[in-house]
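As provided, data-v6.txt (compact mmCIF, C-alpha atoms (C1' of nucleotides)) reads as follows.
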# COMPACT_ATOMS: atom_id res chain seq x y z
CA MET A 1 -21.72 128.44 96.22
CA PRO A 2 -24.07 125.53 96.14
CA GLU A 3 -23.56 122.25 94.36
CA LEU A 4 -26.01 119.37 94.23
CA PRO A 5 -25.99 118.47 97.96
CA GLU A 6 -26.50 122.08 99.04
CA VAL A 7 -29.29 122.65 96.52
CA GLU A 8 -30.96 119.41 97.59
CA THR A 9 -30.78 120.52 101.23
CA VAL A 10 -32.26 123.90 100.35
CA ARG A 11 -35.02 122.12 98.44
CA LYS A 12 -35.98 119.99 101.43
CA THR A 13 -35.85 122.76 104.03
CA LEU A 14 -37.61 125.30 101.86
CA LYS A 15 -40.39 122.89 100.95
CA GLN A 16 -41.40 122.59 104.61
CA PHE A 17 -41.92 126.34 104.76
CA VAL A 18 -43.66 127.22 101.52
CA LEU A 19 -45.58 124.19 100.29
CA ASN A 20 -49.17 125.05 99.33
CA LYS A 21 -48.69 128.75 99.88
CA THR A 22 -50.21 131.08 97.30
CA ILE A 23 -48.26 133.98 95.82
CA ASP A 24 -50.03 137.29 96.24
CA ASP A 25 -47.41 139.61 94.77
CA VAL A 26 -43.75 139.79 93.75
CA LYS A 27 -41.14 142.52 94.12
CA VAL A 28 -37.97 142.56 92.05
CA TYR A 29 -35.13 144.81 93.23
CA TRP A 30 -32.46 143.55 90.78
CA PRO A 31 -34.12 142.78 87.42
CA ASN A 32 -31.02 141.16 85.88
CA ILE A 33 -31.79 138.02 87.87
CA ILE A 34 -34.98 137.53 85.85
CA LYS A 35 -34.01 135.87 82.56
CA LYS A 36 -37.46 134.78 81.34
CA PRO A 37 -39.83 136.30 80.53
CA ASP A 38 -37.87 139.31 79.27
CA ASP A 39 -40.24 141.74 80.88
CA VAL A 40 -40.10 141.83 84.68
CA GLU A 41 -43.70 143.03 84.95
CA GLU A 42 -44.79 139.95 83.04
CA PHE A 43 -42.69 137.81 85.39
CA LYS A 44 -44.62 139.19 88.33
CA GLN A 45 -47.97 138.88 86.61
CA LEU A 46 -47.45 135.20 85.77
CA LEU A 47 -46.77 134.41 89.42
CA ARG A 48 -49.70 136.24 91.01
CA GLY A 49 -52.31 133.78 92.23
CA GLN A 50 -50.09 130.73 91.70
CA SER A 51 -49.62 128.21 94.52
CA ILE A 52 -46.44 126.24 95.22
CA VAL A 53 -47.44 122.64 94.56
CA ASP A 54 -43.97 121.12 94.97
CA ILE A 55 -40.27 121.96 94.87
CA SER A 56 -38.04 119.66 92.87
CA ARG A 57 -34.43 119.77 91.73
CA ARG A 58 -32.49 119.07 88.56
CA GLY A 59 -28.70 119.26 88.88
CA LYS A 60 -28.03 122.54 90.67
CA PHE A 61 -31.41 124.02 89.69
CA LEU A 62 -34.39 124.39 92.01
CA LEU A 63 -37.79 123.97 90.34
CA PHE A 64 -40.76 125.61 92.03
CA GLN A 65 -43.73 123.66 90.69
CA LEU A 66 -46.69 126.03 90.53
CA ASP A 67 -50.27 125.46 89.38
CA ASP A 68 -49.61 126.41 85.77
CA TYR A 69 -45.90 127.26 85.61
CA VAL A 70 -42.48 126.16 86.73
CA LEU A 71 -40.12 128.72 88.26
CA ILE A 72 -36.54 127.58 87.64
CA SER A 73 -34.01 129.08 90.04
CA HIS A 74 -30.22 128.81 89.99
CA LEU A 75 -28.33 129.99 93.08
CA ARG A 76 -24.94 130.34 91.33
CA MET A 77 -22.37 131.42 93.94
CA GLU A 78 -24.30 133.01 96.78
CA GLY A 79 -28.04 132.64 96.26
CA LYS A 80 -30.15 131.85 99.31
CA TYR A 81 -33.85 131.58 100.12
CA SER A 82 -35.41 132.45 103.43
CA VAL A 83 -38.95 132.83 104.75
CA HIS A 84 -39.99 135.85 106.81
CA GLN A 85 -42.90 137.70 108.31
CA ALA A 86 -43.69 140.75 106.18
CA ILE A 87 -42.90 142.98 109.14
CA GLU A 88 -39.23 141.95 109.21
CA SER A 89 -36.90 144.44 107.55
CA VAL A 90 -35.70 143.63 104.05
CA LYS A 91 -31.95 143.06 103.86
CA LYS A 92 -29.53 144.82 101.53
CA HIS A 93 -29.00 141.69 99.45
CA THR A 94 -32.64 140.68 99.04
CA HIS A 95 -33.30 140.99 95.30
CA VAL A 96 -36.59 139.16 94.74
CA LEU A 97 -39.44 138.99 97.23
CA PHE A 98 -42.54 136.81 96.96
CA THR A 99 -45.47 137.80 99.16
CA PHE A 100 -47.88 135.03 100.13
CA THR A 101 -51.58 135.39 100.81
CA ASP A 102 -51.01 134.31 104.45
CA GLY A 103 -48.77 137.35 105.04
CA LYS A 104 -45.45 135.49 105.01
CA GLU A 105 -42.71 136.25 102.48
CA LEU A 106 -40.20 134.18 100.55
CA ARG A 107 -37.05 136.24 99.95
CA TYR A 108 -34.27 135.54 97.49
CA ASN A 109 -30.95 136.87 98.77
CA ASP A 110 -27.82 136.92 96.66
CA VAL A 111 -24.73 138.92 97.63
CA ARG A 112 -23.13 138.65 94.20
CA LYS A 113 -26.35 138.87 92.16
CA PHE A 114 -25.28 136.00 89.87
CA GLY A 115 -28.42 133.90 90.38
CA THR A 116 -31.01 133.38 87.63
CA MET A 117 -34.75 132.75 87.37
CA HIS A 118 -36.79 131.46 84.43
CA ILE A 119 -40.51 130.80 84.16
CA TYR A 120 -41.97 128.21 81.80
CA VAL A 121 -45.43 126.89 81.24
CA LYS A 122 -45.54 123.53 83.02
CA GLY A 123 -44.28 120.77 80.77
CA GLU A 124 -42.24 123.06 78.53
CA GLU A 125 -39.31 123.60 80.89
CA MET A 126 -37.25 120.62 79.76
CA SER A 127 -37.15 121.54 76.09
CA ASP A 128 -35.48 124.94 76.42
CA LYS A 129 -32.59 126.49 78.29
CA PRO A 130 -31.40 126.30 80.98
CA LEU A 131 -32.55 122.71 81.52
CA ASN A 132 -32.44 121.28 78.01
CA GLN A 133 -28.67 120.87 77.81
CA LEU A 134 -28.19 119.20 81.18
CA GLY A 135 -26.66 115.75 81.45
CA PRO A 136 -28.14 113.19 83.90
CA ASP A 137 -27.98 113.72 87.64
CA PRO A 138 -25.41 111.37 89.23
CA PHE A 139 -28.30 109.58 90.97
CA ASP A 140 -30.15 109.04 87.67
CA PRO A 141 -30.11 105.44 86.42
CA ALA A 142 -29.01 106.92 83.08
CA PHE A 143 -25.66 107.83 84.67
CA THR A 144 -24.17 104.42 83.88
CA LEU A 145 -20.56 103.34 83.57
CA GLU A 146 -21.06 102.90 79.85
CA TYR A 147 -22.52 106.41 79.48
CA LEU A 148 -19.64 108.08 81.29
CA TYR A 149 -17.00 105.94 79.61
CA GLN A 150 -18.31 106.87 76.17
CA LYS A 151 -18.40 110.58 77.06
CA PHE A 152 -14.82 110.49 78.37
CA LYS A 153 -13.61 108.45 75.42
CA LYS A 154 -14.46 111.02 72.81
CA THR A 155 -12.70 114.06 74.30
CA GLU A 156 -9.13 115.12 74.93
CA ARG A 157 -10.27 117.50 77.67
CA ILE A 158 -8.85 117.06 81.15
CA VAL A 159 -11.03 115.04 83.47
CA LYS A 160 -11.69 117.85 85.97
CA SER A 161 -13.16 120.10 83.27
CA VAL A 162 -15.38 117.31 81.98
CA LEU A 163 -16.75 116.55 85.44
CA LEU A 164 -17.52 120.23 85.94
CA ASP A 165 -19.35 120.28 82.60
CA GLN A 166 -23.07 120.20 83.43
CA THR A 167 -23.96 118.80 80.00
CA ILE A 168 -22.02 115.63 80.89
CA VAL A 169 -23.30 115.16 84.45
CA ALA A 170 -25.42 117.66 86.39
CA GLY A 171 -24.66 118.65 89.96
CA LEU A 172 -20.92 118.40 90.54
CA GLY A 173 -18.99 121.60 91.26
CA ASN A 174 -15.52 122.50 92.45
CA ILE A 175 -15.67 120.91 95.90
CA TYR A 176 -17.18 117.59 94.91
CA VAL A 177 -15.08 117.16 91.77
CA ASP A 178 -11.90 117.55 93.83
CA GLU A 179 -13.23 115.11 96.42
CA THR A 180 -14.39 112.61 93.82
CA LEU A 181 -11.07 112.61 91.97
CA PHE A 182 -9.13 112.19 95.22
CA ARG A 183 -11.29 109.28 96.30
CA ALA A 184 -10.93 107.71 92.88
CA GLY A 185 -7.16 108.25 92.93
CA VAL A 186 -7.22 110.14 89.63
CA HIS A 187 -5.22 113.29 88.84
CA PRO A 188 -7.41 116.20 87.67
CA LEU A 189 -5.14 116.97 84.70
CA LYS A 190 -5.50 113.51 83.21
CA LYS A 191 -6.97 113.51 79.70
CA SER A 192 -10.45 112.00 79.70
CA ASN A 193 -9.81 109.69 76.77
CA LYS A 194 -6.77 108.23 78.53
CA LEU A 195 -8.79 106.92 81.47
CA THR A 196 -9.19 103.17 81.77
CA LYS A 197 -12.63 101.71 82.24
CA LYS A 198 -11.62 100.80 85.77
CA GLU A 199 -10.74 104.42 86.53
CA VAL A 200 -14.00 105.64 85.04
CA GLN A 201 -15.89 103.17 87.20
CA LYS A 202 -14.09 104.46 90.29
CA ILE A 203 -14.89 108.06 89.38
CA ARG A 204 -18.55 107.22 88.81
CA LYS A 205 -18.86 105.28 92.04
CA GLN A 206 -17.08 107.89 94.15
CA ALA A 207 -19.05 110.76 92.62
CA ILE A 208 -22.31 109.08 93.59
CA LEU A 209 -21.07 108.08 97.05
CA THR A 210 -19.59 111.48 97.84
CA LEU A 211 -22.76 113.30 96.85
CA GLU A 212 -24.96 110.86 98.77
CA GLU A 213 -22.91 111.33 101.91
CA ALA A 214 -22.90 115.11 101.48
CA VAL A 215 -26.70 115.15 101.09
CA GLU A 216 -26.99 113.15 104.32
CA GLN A 217 -24.80 115.73 106.07
CA GLY A 218 -26.83 118.65 104.77
CA GLY A 219 -24.12 119.87 102.38
CA THR A 220 -20.77 121.59 102.91
CA THR A 221 -20.30 124.97 104.59
CA ILE A 222 -16.93 126.51 103.78
CA ARG A 223 -17.69 130.16 104.07
CA SER A 224 -21.28 131.25 103.67
CA TYR A 225 -23.62 128.41 102.70
CA VAL A 226 -26.66 127.87 104.92
CA ASN A 227 -29.95 126.14 104.11
CA SER A 228 -33.33 127.86 104.17
CA GLN A 229 -33.53 127.53 107.95
CA GLY A 230 -30.16 129.27 108.28
CA GLU A 231 -28.42 126.03 109.28
CA MET A 232 -24.90 125.13 108.16
CA GLY A 233 -23.97 121.88 106.45
CA MET A 234 -21.71 119.34 108.14
CA PHE A 235 -19.90 117.66 105.25
CA GLN A 236 -16.85 119.95 105.55
CA GLN A 237 -15.74 117.58 108.31
CA GLU A 238 -15.53 114.77 105.78
CA LEU A 239 -13.48 116.57 103.12
CA PHE A 240 -10.25 114.86 102.10
CA VAL A 241 -8.63 117.56 99.98
CA TYR A 242 -10.85 120.59 99.34
CA GLY A 243 -9.57 123.45 101.51
CA GLN A 244 -6.98 121.11 103.07
CA GLU A 245 -3.92 122.80 101.54
CA ASN A 246 -0.74 121.97 103.51
CA GLU A 247 -2.65 119.56 105.74
CA PRO A 248 -1.54 115.91 105.81
CA CYS A 249 -3.45 113.66 103.44
CA LYS A 250 -5.90 111.55 105.44
CA LYS A 251 -4.88 108.48 103.47
CA CYS A 252 -1.09 108.70 103.17
CA GLY A 253 0.07 111.60 105.37
CA ASN A 254 1.77 113.60 102.63
CA ALA A 255 0.86 117.27 102.29
CA VAL A 256 -2.20 118.20 100.24
CA ILE A 257 -1.35 120.83 97.63
CA LYS A 258 -3.37 123.40 95.74
CA LEU A 259 -3.00 124.14 92.05
CA LYS A 260 -4.89 125.98 89.36
CA VAL A 261 -6.70 123.76 86.87
CA GLY A 262 -8.92 125.23 84.21
CA GLY A 263 -8.92 128.49 86.13
CA ARG A 264 -10.25 126.85 89.31
CA GLY A 265 -8.53 126.28 92.62
CA THR A 266 -7.81 122.55 92.70
CA HIS A 267 -6.75 120.40 95.63
CA ILE A 268 -4.93 117.11 95.33
CA CYS A 269 -2.71 114.71 97.22
CA PRO A 270 0.26 114.40 94.86
CA SER A 271 1.11 110.91 96.05
CA CYS A 272 -2.44 109.49 95.96
CA GLN A 273 -3.19 111.14 92.59
CA LYS A 274 -0.41 110.61 90.08
CA GLU A 275 -0.56 112.38 86.74
C1' DT B 1 -4.43 150.35 100.33
C1' DT B 2 -4.35 146.92 96.81
C1' DT B 3 -4.64 142.40 95.27
C1' DT B 4 -6.59 137.91 95.27
C1' DA B 5 -9.83 134.34 95.86
C1' DT B 6 -14.66 132.66 96.10
C1' DG B 7 -19.18 126.78 96.30
C1' DT B 8 -21.06 129.23 88.86
C1' DT B 9 -21.91 129.90 84.30
C1' DT B 10 -21.41 132.19 79.82
C1' DC B 11 -19.21 134.76 76.41
C1' DT B 12 -15.11 136.32 73.55
C1' DG B 13 -10.87 135.95 71.12
C1' DG B 14 -7.25 133.02 69.56
C1' DG C 1 -14.09 122.27 69.56
C1' DC C 2 -11.03 123.72 73.18
C1' DC C 3 -8.46 126.92 76.22
C1' DA C 4 -7.59 131.09 78.67
C1' DG C 5 -9.38 135.08 80.32
C1' DA C 6 -12.94 138.08 81.43
C1' DA C 7 -17.40 139.31 82.88
C1' DA C 8 -21.62 139.25 85.65
C1' DC C 9 -20.97 141.28 91.31
C1' DA C 10 -19.62 141.84 96.41
C1' DT C 11 -16.84 140.83 100.24
C1' DA C 12 -13.30 138.92 103.25
C1' DA C 13 -8.72 137.66 103.65
C1' DA C 14 -3.88 138.19 102.48
Show me, as structure tokens, the structure contained in the file I just sent.
Amino acid sequence: MPELPEVETVRKTLKQFVLNKTIDDVKVYWPNIIKKPDDVEEFKQLLRGQSIVDISRRGKFLLFQLDDYVLISHLRMEGKYSVHQAIESVKKHTHVLFTFTDGKELRYNDVRKFGTMHIYVKGEEMSDKPLNQLGPDPFDPAFTLEYLYQKFKKTERIVKSVLLDQTIVAGLGNIYVDETLFRAGVHPLKKSNKLTKKEVQKIRKQAILTLEEAVEQGGTTIRSYVNSQGEMGMFQQELFVYGQENEPCKKCGNAVIKLKVGGRGTHICPSCQKE
DNA sequence: TTTTATGTTTCTGG
DNA sequence: GCCAGAAACATAAA
């Protein structure tokens, strides 16, 4: 579900609720979510007594900064965090539950159980997976025109696949790639190494702008996304093509169409985005 | 009832 | 190295 703007919104809302709380205990109802350490009992043991010092974000990953460790959480398609009183009943899709010393609970809910969690000793998280292969965030000064142009230049892959590739740039997913390519006027099937520098500059600029606007709007809610306060995003009102199949293009009036690109549903305006 | 699609990522076979 | 397809799962819509 969540791409960079949704994860950023979760980060901000969640931080208000759990900052400076101390973990008393942890329950894990679906162990497959825990990827590191291998042993779930060790996962729990590492967290006991740790306080949440900060929550940061890298690409689509949330980073719970603890006293001695970093808990890296990826929401994949349906992951959500919510804060409860211990007395509230635990839902069917709650798979990890953190109890705080003040009696409140942080619950990780994930209908499809695709989410992941890793724990690293603070300072070691960037040199191993899942964070070590990530490209720059779009907001990172390292995400320059020259950087992106060089990456595009050396691959025959279609541009949509490259933008979805988190080792190139971290944070774009299916919605924002479609929106970025529409705004840049580039067809998703175009080979990356065929793009002119001007087109690459447009893609870069629109990627950054689109994500910035989406963060301001609290993300995009198409079907199930809500932040940690249970609030929906508002950016769906600003979408040009994603989910707009058969609707008139907001720029030219022609019908938006949906195709399959790299196995993903892909929305374009065929007259604004020529192949 | 059955099939298809879903905001993600990773693995396998060709 | 790249692509297609499947897999990890559950659910709502067609």
Between chain A and chain B, at 8 Å or less, what are the per-residue closest atom pairs and their distances in Å? Count only C-alpha atoms (C1' of nucleotides), order by chain and rising residue number, and return it as a tab-separated table.
residue	atom	partner	partner_atom	distance
A:Met1	CA	B:DG7	C1'	3.0
A:Pro2	CA	B:DG7	C1'	5.0
A:Glu3	CA	B:DG7	C1'	6.6
A:Arg76	CA	B:DT8	C1'	4.7
A:Met77	CA	B:DT8	C1'	5.7
A:Gly173	CA	B:DG7	C1'	7.2
A:Asn174	CA	B:DG7	C1'	6.8
A:Ile175	CA	B:DG7	C1'	6.9
A:Ile222	CA	B:DG7	C1'	7.8
A:Tyr225	CA	B:DG7	C1'	8.0
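When all atoms listed in the file are used to measure the gap to chain C, the shortest distance among A:Val261, A:Leu75, A:Val111, A:Met234 belongs to A:Val111.
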Taking all atoms listed in the file into account, produce a table as CSV in which each residue of chain A with an atom at most 7 Å from an atom of chain C appears once, together with its shortest atom pair and the distance in Å to one decimal, ordered by chain and rising number.
residue,atom,partner,partner_atom,distance
A:Val111,CA,C:DA10,C1',6.0
A:Arg112,CA,C:DC9,C1',4.5
A:Lys113,CA,C:DC9,C1',6.0
A:Phe114,CA,C:DA8,C1',6.5
State, in Å with one decimal place, the distance from CA of Arg11 in chain A to CA of Val215 in chain A.
11.2 Å
Can you tell me, as a short mmCIF file (atom, residue, chain, number, x, y, z; two decimals) with C-alpha atoms, in the coordinates of the input, what residues are no more than 10 Å from Glu231 in chain A when counting only C-alpha atoms (C1' of nucleotides), ignoring any on the same chain fewer than 6 positions away?
data_model
loop_
_atom_site.label_atom_id
_atom_site.label_comp_id
_atom_site.auth_asym_id
_atom_site.auth_seq_id
_atom_site.Cartn_x
_atom_site.Cartn_y
_atom_site.Cartn_z
CA VAL A 10 -32.26 123.90 100.35
CA THR A 13 -35.85 122.76 104.03
CA GLY A 218 -26.83 118.65 104.77
CA THR A 221 -20.30 124.97 104.59
CA TYR A 225 -23.62 128.41 102.70
#
What separation in Å, quoted to one decimal, exists between CA of Lys80 in chain A and CA of Glu245 in chain A?
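Rounded to one decimal, the two atoms are 27.8 Å apart.
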Do you have the CA of His118 in chain A-CA of Glu216 in chain A distance handy?
28.8 Å
Write out as lines of an AutoDock Vina configuration file an axis-aligned box for range 254-259 of chain A: all of its atoms listed in the file, 5 Å added on each side, centre and edge lengths in Å with one decimal.
center_x = -0.8
center_y = 118.9
center_z = 97.3
size_x = 15.1
size_y = 20.5
size_z = 20.6
